[in-house]
Each structure stands twice: as C-alpha cells, then as structure tokens.
Amino acid sequence: MTEGLLTTSVGSLPKPPHIVAARSEFARRNIDRAELKRLEREATAEWVRFQDEIGIDVIVDGEQYRGDMVAFFAEELPGFTRGGLVRSYGNRYYRKPVATGQIVRDHPITLEWWEFAQSLTDKPVKGMLTGPYTICDWSFNEAYDTREDLVLALAEVIHQEALDLAAAGAKYIQIDEPAVSTRMDELDLAIKALGVVTEGLDGVHTITHICYGDFHNAYPKMLELPVDQIDLEMANSNYDLLDAFRDSPFTKFIGLGVADSHSHRIESVDEIEAGIRRALELIPAERMFVDPDCGLKTRTVDEAKEKLRAIVEAAGKVRASL
Amino acid sequence: MALTLTTVGAYPKPPPEGGEFRLRKTLQALDRGEATAEDVAAAEDELTREILAEQAAAGVDLATDGQVRWDDPLTRFASGLEGFSLSGLIRYFDNNTYFRRPVVKGPVRRAEPIVLDEFRFAAENSPVPVKAVLCGPLTLASLSEDEHYGDVAALAKDLAAALNQEATDLAAAGATVIQFDEPSLAAVPGQPPGDLGILEAVAQGLVDGVDATTILATYFGDVAAHGPRLFELPFGGFGLDFVAGPANFDAVANVPAGRIVQAGIADARNTKIDTVEQLRGTIERLNRHVDPDHLWIAPSCGLEFLPREAARMKLERLAEVKEIVR
C-alpha cells in the first residue's frame, strides 16, 4: 500500500428526481424555502453517506442546493442583479447574472452547507467555490470599467469565503475555473485572481478544476495557477493530455479525471485502472487524486453511483499493487 | 446622410420578463409527445412575426428573421445538407453557449432548399425588408469534424457549391441582401484567425450567379491579420465587429470604395447599453473611411446572447444615434 491515489469527486452530484421537482415547486411558490431546504439537507446527507460507504476519501456535499454554479454565488452577492433568460443550447436557458454595482460579500455563502456535510462524516469534506474569472466570464458587466476590475473584485469576495471555510476547518478547498482555458489571452488575469483567492490559506490543500478548452495552448503556463492541485478531464479525451506532460512535467498535485461526466456509459474498472497506470508513468501516486472528469450533475443518480464505485475499486486495485 | 440600421442574425427567443414563453413550452411538450411538429412550427411562426415587428418598431431598416427556428447557424445548415450527422456539444467560440458538432460522413450535397421557406415567411410578414443569412463555407468546414474528405479545402468547395444553390434560390425568391457568416475568419480569443486561402479558393463559386447584394459577415474578433486581401473577395460588403475587434478600425481602411461596411458598433454580448456619445464617436471614426451611403450600423453580432429587453434597447439606442447623426 502507498500514500496517494485518494479518491474524490469534482463537485456536483445528480439531484434525485424529487429534489428536481421540489426546486420547481419552490419556483412556483407551491412550497416554502424551509421545506425545500429540509429536502436538500436530506439529499445531501444521502450523498455524504453514499460516498462514505463506498470508500471515497475526500467527500463533497454534492451541491443539491445549487443550480447554476455562477448564479448560485451571484444570487448571494450584493452588487449582482438577477438577469433575464439567455439560451445555453437547444431549448436550454439560464438566467445570466448582471453586475450592476460594487460586488461585496455580506454573509458566508457556502459555509453552513459545508459545516452540515462535515458534521456527517469523519472524512474531510471539500469546500467548493466558483472562481472569480469564471463568475466574471459568465456574467454581464454593467458596473466595472474593465473585466480585470470585476474579476479582482470577485477574487476578494471569494477569498473571504475561502478564509471562512478554512477557519471552520476545511482541509481541502476547490475553486472551480472552467472558463479559464477558453480565453488564453486572459490566463494571466485568472492566475492573478486565483492568487488573491488562495492567499493566506495556510495548511489548506487548494485545488482548481478547469475544463478541456484550449488545453494545449494553456499548458504548461497553467502550472502558474497558484493552487496545490489542478483537476483535469482525462477520460473524455482518452488521456491525450498526458502527452503534454512528457515535454513539460506536471509539477503539481493532479486530480485525474477517469470517468466521462457527460456519457451514460459506465467505465469498467479495468479501463479506469489502465488510465491511472498510464498517468502514473508521468506523475507519482503521492501527487495524484482520482475522480470523475467533471461534476456529475448531468448523470442519473444510478449512473453517478456506478461511476464512483468503479473509480474507488480501480484506485484501490492500483493502490494495493504499488 | 443615409445610414442603414441592420441586425446581424439571431434574436432572443424568450419573451420580455413575465411574458409567456410559448416556443419553449411547445418544444418541451414535443419532447413529452404532447405536441406535434405543426404546433412547434406555429409557435415559431408567431415568434418570428413578433421579432420582425419588434425590430421594425425599434427602427431597424433591414431585419433578419431572428433565426428562431435554429439552434445555431452550424447545425441548421449541417442538418439541412446531405453528408452530415451531429455529435456532442462543443463551445461556440468564446461564448458560454454550445452547439452540436457537425460530423461530415459523406459527400456534402444540397438535396432541397434549407431556409428558403422560412425566408419567404419572414419577407411576407415583415414591415421592413429582410436579409437572408447563411452560414459560410469556411466556418462550417472549420467547425465540423471531417470523416470523409480528409481535406478541409475540398469540403469547403462542396459546401460553397451547396450554399450557392441556396443563395441563388433565395435571390430568386426576392432576397436583395444575402449575408454569409464567417466568424471563423476573425481572431477570436482562444483561436487563431481562419485560413483565408480556403475561402479565397471557393468565394467565386459561392456568389456566382447570385442576383443580390452579398455580405461577408465576421464577428467575435478582428480580421486585421488578413490585411487587404480579405476585401478583394467578391462580396458586395463586409461585416466587421468593432466591439470585440478594435483592430478593425485599422482594417476598415482597406475596404475598397463602393463596398458596404456592416459595422457592428453596439456590444451585443453585454447588457450595458452603449452611450450615445460612444456610438456617435464610433460612427464618426468610421466615416473617415466609409461614405455614409455604404455604412450600415449594427449590433456587434447576433443579439441572442442578451435577454430580450436588452436586445430591444440596443436596437433602440442604435436607431436614436442614427437619427442624431443624420
């Protein structure tokens, strides 16, 4: 047995159908906030118990109470106004937030949920935040002269949230930046902003998750992101990102995405094991976490559970053999 | 002076806040088997009429049908042509929107008209003239996954031939302006400008025999990298995005006299309403290179990235500035 190859999740887990229904009943004002929250806490407890039981090492709360990862934060931050409907694709629409004033934080946003989840398990629960660059990129800006001004204002409020999580005892804090790899011309800004967020988080293992995007142009520059770990999708591109690591070694901890979050197919234990072993040729087990490619919220509950079980089993087999 | 105010393409489908979103509900009902394709078409007709009237009321001189029947320009044409299938969702340039990536499985050919009927419907139901909009061959070829040709130039050539048939039909049906969208030509953050040579090789075939004013529209970035060569292409005008591509202020000097410049000057990707002073300043800068009769003003790209109210306000502001400049 060896240290390392800890298993975790990227963040979101599927909402069971009764939570989806309750959220839309709440939107129609048929149930009140307290009732919705009661159901969300129940579902959160279910997911924490499931992860604990199957042997996941670093737990997530599953974000049963979040809709869109940007709107969730924008709705809690003074300075943002709820936006109108904008189409994402097909017949899917979302409310894109609008920065209409100075962005400040007047209360903790994720702390209560983190504390609740952590109270249910002895394993560490990861604090889950959306990064300042992504919140800016997925919002309208009517308040700040430049994108940089808005990103840095957001960095400060997300930093405050991270400090509160750390003070409450969070050992892992992940700041998701899926938008980072889409605009290479602003990578320096994203690096600067993430530096503001992670400053002074002593003793906390900091992580960022970024999606595939323009990876080959973003690497190795992305190693300048001031976090301990970068979480990357691997399975959905058949691990071809690993090739880049041969030329420029990956110097941080890695979150190795070994199951495609957008496919119904359940990866076999053998193929996940093979993926981990390929990555181990380039990155030592001590610096590797294993997880799905991305949040699993678009999968069914059963699909997500099967994928997570396969990941835990594969990681266990590799760990035992080292 | 006689500026023309035009729109670039897609218009937001949701109603203003509080309104009934009939198209979305009908599409959801279709998924559940509780509505028919005819119900969807009726909802699309209704929304198209509404959007045409809204543009005219805002002061638009040359409208589009708002592309309410499309998910996006790529899949609309890919699914209308033989030889394509559609695969997974990928990000649409540097926007937080997605499209199903077209996959080329066999020879590309137009079996029947693609947007001809919807153009006719729009033209009959619009208070102002309507521009037809087609996806350009370079963009469609570049953003598709090619499993058949093994050569993007060969694919672009067949696409140009198919789109030429469509444009010819549209002109015959009364379209006086036909726009070909080529955002792939622009230097969009995160991707280099597209290969102008590929478009140069097929452009003549694209517009041959098309009896209409043709516009080559770019957006999401600047086209400065292509130099004057871009403006030697056989189009009647060029669409440039001066919001996402400030370098276009230099590039526009290369547009030969007598060609139209469709200038995207109001930010179609942010809800902040551009001030009269800003827009007026931009128009005055453009007037140094483009005579007023050949200057069209427009939002920087299609308006669908905005909520409905913001889209309408953008057009009203452009109309206001147009009157002031006049």
# chains A, B, ... in the order shown; residues from 1 in each chain; ligands from 1
>>> interface_residues(of="chain B", to="chain A", cutoff="10 Å", atoms="only C-alpha atoms", output="MDAnalysis selection string")
chainID B and resid 12:17 23:25 27:28 70:72 88:100 188:191 269:273 304:310
>>> write_last_selection(atoms="N, CA and C atoms", output="short mmCIF file (atom, residue, chain, number, x, y, z; two decimals), in the first residue's frame")
data_model
loop_
_atom_site.label_atom_id
_atom_site.label_comp_id
_atom_site.auth_asym_id
_atom_site.auth_seq_id
_atom_site.Cartn_x
_atom_site.Cartn_y
_atom_site.Cartn_z
N PRO B 12 -33.10 37.14 -29.41
CA PRO B 12 -33.50 36.33 -28.25
C PRO B 12 -34.91 35.76 -28.41
N LYS B 13 -35.06 34.48 -28.07
CA LYS B 13 -36.37 33.84 -28.19
C LYS B 13 -37.24 34.05 -26.96
N PRO B 14 -36.67 34.18 -25.74
CA PRO B 14 -37.55 34.33 -24.58
C PRO B 14 -38.37 35.62 -24.67
N PRO B 15 -39.55 35.62 -24.05
CA PRO B 15 -40.36 36.84 -24.04
C PRO B 15 -39.76 37.84 -23.07
N PRO B 16 -40.19 39.10 -23.13
CA PRO B 16 -39.80 40.03 -22.06
C PRO B 16 -40.24 39.45 -20.72
N GLU B 17 -39.58 39.87 -19.64
CA GLU B 17 -39.84 39.33 -18.30
C GLU B 17 -41.34 39.25 -18.02
N LEU B 23 -42.82 29.15 -27.28
CA LEU B 23 -41.97 28.25 -28.07
C LEU B 23 -41.28 27.22 -27.17
N ARG B 24 -40.74 27.70 -26.04
CA ARG B 24 -40.05 26.77 -25.15
C ARG B 24 -41.00 25.70 -24.62
N LYS B 25 -42.20 26.14 -24.23
CA LYS B 25 -43.18 25.19 -23.70
C LYS B 25 -43.60 24.18 -24.76
N LEU B 27 -41.84 23.17 -27.33
CA LEU B 27 -40.75 22.22 -27.58
C LEU B 27 -40.66 21.19 -26.46
N GLN B 28 -40.91 21.64 -25.22
CA GLN B 28 -40.93 20.68 -24.10
C GLN B 28 -42.08 19.69 -24.25
N TRP B 70 -33.74 28.03 -35.52
CA TRP B 70 -32.41 27.42 -35.49
C TRP B 70 -31.95 27.23 -34.06
N ASP B 71 -31.14 26.17 -33.85
CA ASP B 71 -30.38 26.11 -32.60
C ASP B 71 -29.15 27.00 -32.74
N ASP B 72 -28.52 26.94 -33.91
CA ASP B 72 -27.34 27.75 -34.21
C ASP B 72 -27.10 27.64 -35.71
N GLY B 88 -21.51 15.51 -30.31
CA GLY B 88 -21.68 16.12 -28.97
C GLY B 88 -21.59 17.63 -28.97
N LEU B 89 -21.93 18.18 -27.82
CA LEU B 89 -21.94 19.64 -27.66
C LEU B 89 -20.52 20.17 -27.54
N ILE B 90 -20.22 21.24 -28.27
CA ILE B 90 -18.96 21.95 -28.02
C ILE B 90 -19.23 23.45 -27.94
N ARG B 91 -18.29 24.14 -27.31
CA ARG B 91 -18.45 25.56 -27.05
C ARG B 91 -18.43 26.36 -28.35
N TYR B 92 -19.29 27.35 -28.43
CA TYR B 92 -19.38 28.19 -29.62
C TYR B 92 -18.44 29.39 -29.46
N PHE B 93 -17.29 29.33 -30.08
CA PHE B 93 -16.26 30.37 -29.96
C PHE B 93 -16.02 30.71 -28.48
N ASP B 94 -15.88 31.98 -28.14
CA ASP B 94 -15.58 32.30 -26.74
C ASP B 94 -16.85 32.65 -25.96
N ASN B 95 -17.97 32.07 -26.37
CA ASN B 95 -19.24 32.32 -25.69
C ASN B 95 -19.58 31.16 -24.77
N ASN B 96 -20.37 31.44 -23.76
CA ASN B 96 -20.81 30.37 -22.87
C ASN B 96 -22.08 29.72 -23.43
N THR B 97 -22.02 29.39 -24.71
CA THR B 97 -23.11 28.66 -25.36
C THR B 97 -22.49 27.51 -26.15
N TYR B 98 -23.31 26.57 -26.53
CA TYR B 98 -22.81 25.33 -27.10
C TYR B 98 -23.58 24.95 -28.37
N PHE B 99 -22.93 24.18 -29.23
CA PHE B 99 -23.64 23.65 -30.39
C PHE B 99 -23.23 22.21 -30.59
N ARG B 100 -24.10 21.47 -31.28
CA ARG B 100 -23.77 20.08 -31.57
C ARG B 100 -22.81 20.05 -32.74
N VAL B 188 -10.52 35.31 -32.79
CA VAL B 188 -11.34 35.21 -31.59
C VAL B 188 -10.42 34.73 -30.46
N PRO B 189 -10.56 35.30 -29.25
CA PRO B 189 -9.72 34.83 -28.15
C PRO B 189 -9.75 33.31 -28.06
N GLY B 190 -8.57 32.71 -27.99
CA GLY B 190 -8.53 31.26 -27.85
C GLY B 190 -8.42 30.53 -29.17
N GLN B 191 -8.50 31.24 -30.29
CA GLN B 191 -8.29 30.55 -31.57
C GLN B 191 -7.70 31.51 -32.59
N ARG B 269 -22.97 41.50 -26.72
CA ARG B 269 -22.71 40.44 -25.74
C ARG B 269 -22.67 40.96 -24.30
N ASN B 270 -23.05 42.21 -24.11
CA ASN B 270 -23.15 42.73 -22.74
C ASN B 270 -24.41 43.58 -22.64
N THR B 271 -25.07 43.47 -21.49
CA THR B 271 -26.34 44.19 -21.31
C THR B 271 -26.16 45.69 -21.13
N LYS B 272 -24.95 46.13 -20.81
CA LYS B 272 -24.72 47.57 -20.62
C LYS B 272 -25.05 48.29 -21.93
N ILE B 273 -25.92 49.29 -21.84
CA ILE B 273 -26.35 49.97 -23.07
C ILE B 273 -25.31 51.02 -23.44
N GLU B 304 -28.70 37.24 -29.71
CA GLU B 304 -29.26 36.19 -28.86
C GLU B 304 -28.48 35.94 -27.57
N PHE B 305 -27.30 36.55 -27.43
CA PHE B 305 -26.56 36.40 -26.18
C PHE B 305 -27.16 37.26 -25.08
N LEU B 306 -28.11 38.12 -25.44
CA LEU B 306 -28.71 39.05 -24.49
C LEU B 306 -30.13 38.62 -24.13
N PRO B 307 -30.62 39.04 -22.95
CA PRO B 307 -32.04 38.89 -22.69
C PRO B 307 -32.83 39.78 -23.65
N ARG B 308 -34.11 39.46 -23.80
CA ARG B 308 -34.94 40.11 -24.81
C ARG B 308 -34.98 41.64 -24.67
N GLU B 309 -35.19 42.14 -23.44
CA GLU B 309 -35.32 43.59 -23.26
C GLU B 309 -34.04 44.30 -23.67
N ALA B 310 -32.89 43.71 -23.28
CA ALA B 310 -31.61 44.34 -23.59
C ALA B 310 -31.40 44.41 -25.11
#
>>> select_by_dssp(residues="segment 98-287 of chain B", states="strand (DSSP E or B)", output="number ranges by chain")
B: 98-109, 130, 132-135, 145-146, 177-181, 187, 213-217, 222, 237-241, 260-266
>>> residues_around(residues="Glu284 of chain B", least_positions_apart="4", cutoff="12 Å", atoms="only C-alpha atoms", output="MDAnalysis selection string")
chainID B and resid 3 249 265 277:280 288:292 295 297 321:322 324:326
>>> residues_around(residues="Pro183 of chain B", least_positions_apart="6", cutoff="12 Å", atoms="only C-alpha atoms", output="PyMOL selection string")
chain B and resi 8+73-74+92-94+134-143+189+191-196+216-223+238-241+244-245+300-302
>>> residues_around(residues="Ala225 of chain B", least_positions_apart="5", cutoff="9 Å", atoms="only C-alpha atoms", output="short mmCIF file (atom, residue, chain, number, x, y, z; two decimals) with N, CA, C and O atoms, in the first residue's frame")
data_model
loop_
_atom_site.label_atom_id
_atom_site.label_comp_id
_atom_site.auth_asym_id
_atom_site.auth_seq_id
_atom_site.Cartn_x
_atom_site.Cartn_y
_atom_site.Cartn_z
N ALA B 186 -12.27 35.56 -38.05
CA ALA B 186 -11.83 36.55 -37.08
C ALA B 186 -10.83 35.95 -36.08
O ALA B 186 -10.81 34.74 -35.86
N ALA B 187 -10.02 36.83 -35.50
CA ALA B 187 -9.12 36.41 -34.43
C ALA B 187 -9.90 36.44 -33.13
O ALA B 187 -9.98 37.45 -32.46
N PRO B 193 -7.00 33.30 -36.30
CA PRO B 193 -7.90 33.60 -37.41
C PRO B 193 -7.89 32.47 -38.43
O PRO B 193 -6.86 31.83 -38.64
N ALA B 251 -8.22 47.94 -39.99
CA ALA B 251 -8.52 47.07 -41.13
C ALA B 251 -9.52 47.73 -42.08
O ALA B 251 -9.44 47.55 -43.31
#
>>> select_by_dssp(residues="segment 159-238 of chain A", states="helix (DSSP H, G or I)", output="PyMOL selection string")
chain A and resi 159-168+180-182+184-198+215-218+221-224+235-237
>>> closest_atom_pairs(of="segment 210-291 of chain A", to="segment 2-6 of chain A", cutoff="8 Å", atoms="only C-alpha atoms", output="Markdown table")
| residue | atom | partner | partner_atom | distance |
| --- | --- | --- | --- | --- |
| A:Ala285 | CA | A:Gly4 | CA | 5.1 |
| A:Glu286 | CA | A:Gly4 | CA | 4.1 |
| A:Arg287 | CA | A:Gly4 | CA | 6.3 |
| A:Met288 | CA | A:Leu5 | CA | 5.2 |
| A:Phe289 | CA | A:Leu6 | CA | 4.9 |
| A:Val290 | CA | A:Leu5 | CA | 6.0 |
>>> write_last_selection(atoms="N, CA and C atoms", output="PDB file, in the first residue's frame")
ATOM      1  N   ALA A 285       2.180   8.574  -7.560  1.00  0.00           N
ATOM      2  CA  ALA A 285       0.913   8.326  -6.857  1.00  0.00           C
ATOM      3  C   ALA A 285       0.704   9.315  -5.719  1.00  0.00           C
ATOM      4  N   GLU A 286       1.795   9.724  -5.074  1.00  0.00           N
ATOM      5  CA  GLU A 286       1.694  10.633  -3.928  1.00  0.00           C
ATOM      6  C   GLU A 286       1.080  11.968  -4.335  1.00  0.00           C
ATOM      7  N   ARG A 287       1.173  12.297  -5.621  1.00  0.00           N
ATOM      8  CA  ARG A 287       0.638  13.588  -6.062  1.00  0.00           C
ATOM      9  C   ARG A 287      -0.628  13.422  -6.916  1.00  0.00           C
ATOM     10  N   MET A 288      -1.257  12.268  -6.797  1.00  0.00           N
ATOM     11  CA  MET A 288      -2.418  12.015  -7.663  1.00  0.00           C
ATOM     12  C   MET A 288      -3.692  11.751  -6.864  1.00  0.00           C
ATOM     13  N   PHE A 289      -4.754  12.491  -7.212  1.00  0.00           N
ATOM     14  CA  PHE A 289      -6.102  12.193  -6.745  1.00  0.00           C
ATOM     15  C   PHE A 289      -6.862  11.647  -7.952  1.00  0.00           C
ATOM     16  N   VAL A 290      -7.840  10.806  -7.693  1.00  0.00           N
ATOM     17  CA  VAL A 290      -8.593  10.193  -8.788  1.00  0.00           C
ATOM     18  C   VAL A 290     -10.070  10.560  -8.628  1.00  0.00           C
TER      19      VAL A 290
END
>>> residues_around(residues="Gly316 of chain A", least_positions_apart="3", cutoff="10 Å", atoms="only C-alpha atoms", output="number ranges by chain")
A: 1, 5-7, 55, 273, 310-313, 319-321
>>> residues_around(residues="segment 4-7 of chain B", least_positions_apart="6", cutoff="9 Å", atoms="only C-alpha atoms", output="PyMOL selection string")
chain B and resi 55+59-64+66+131+262+264+292-303+315+318-319+322
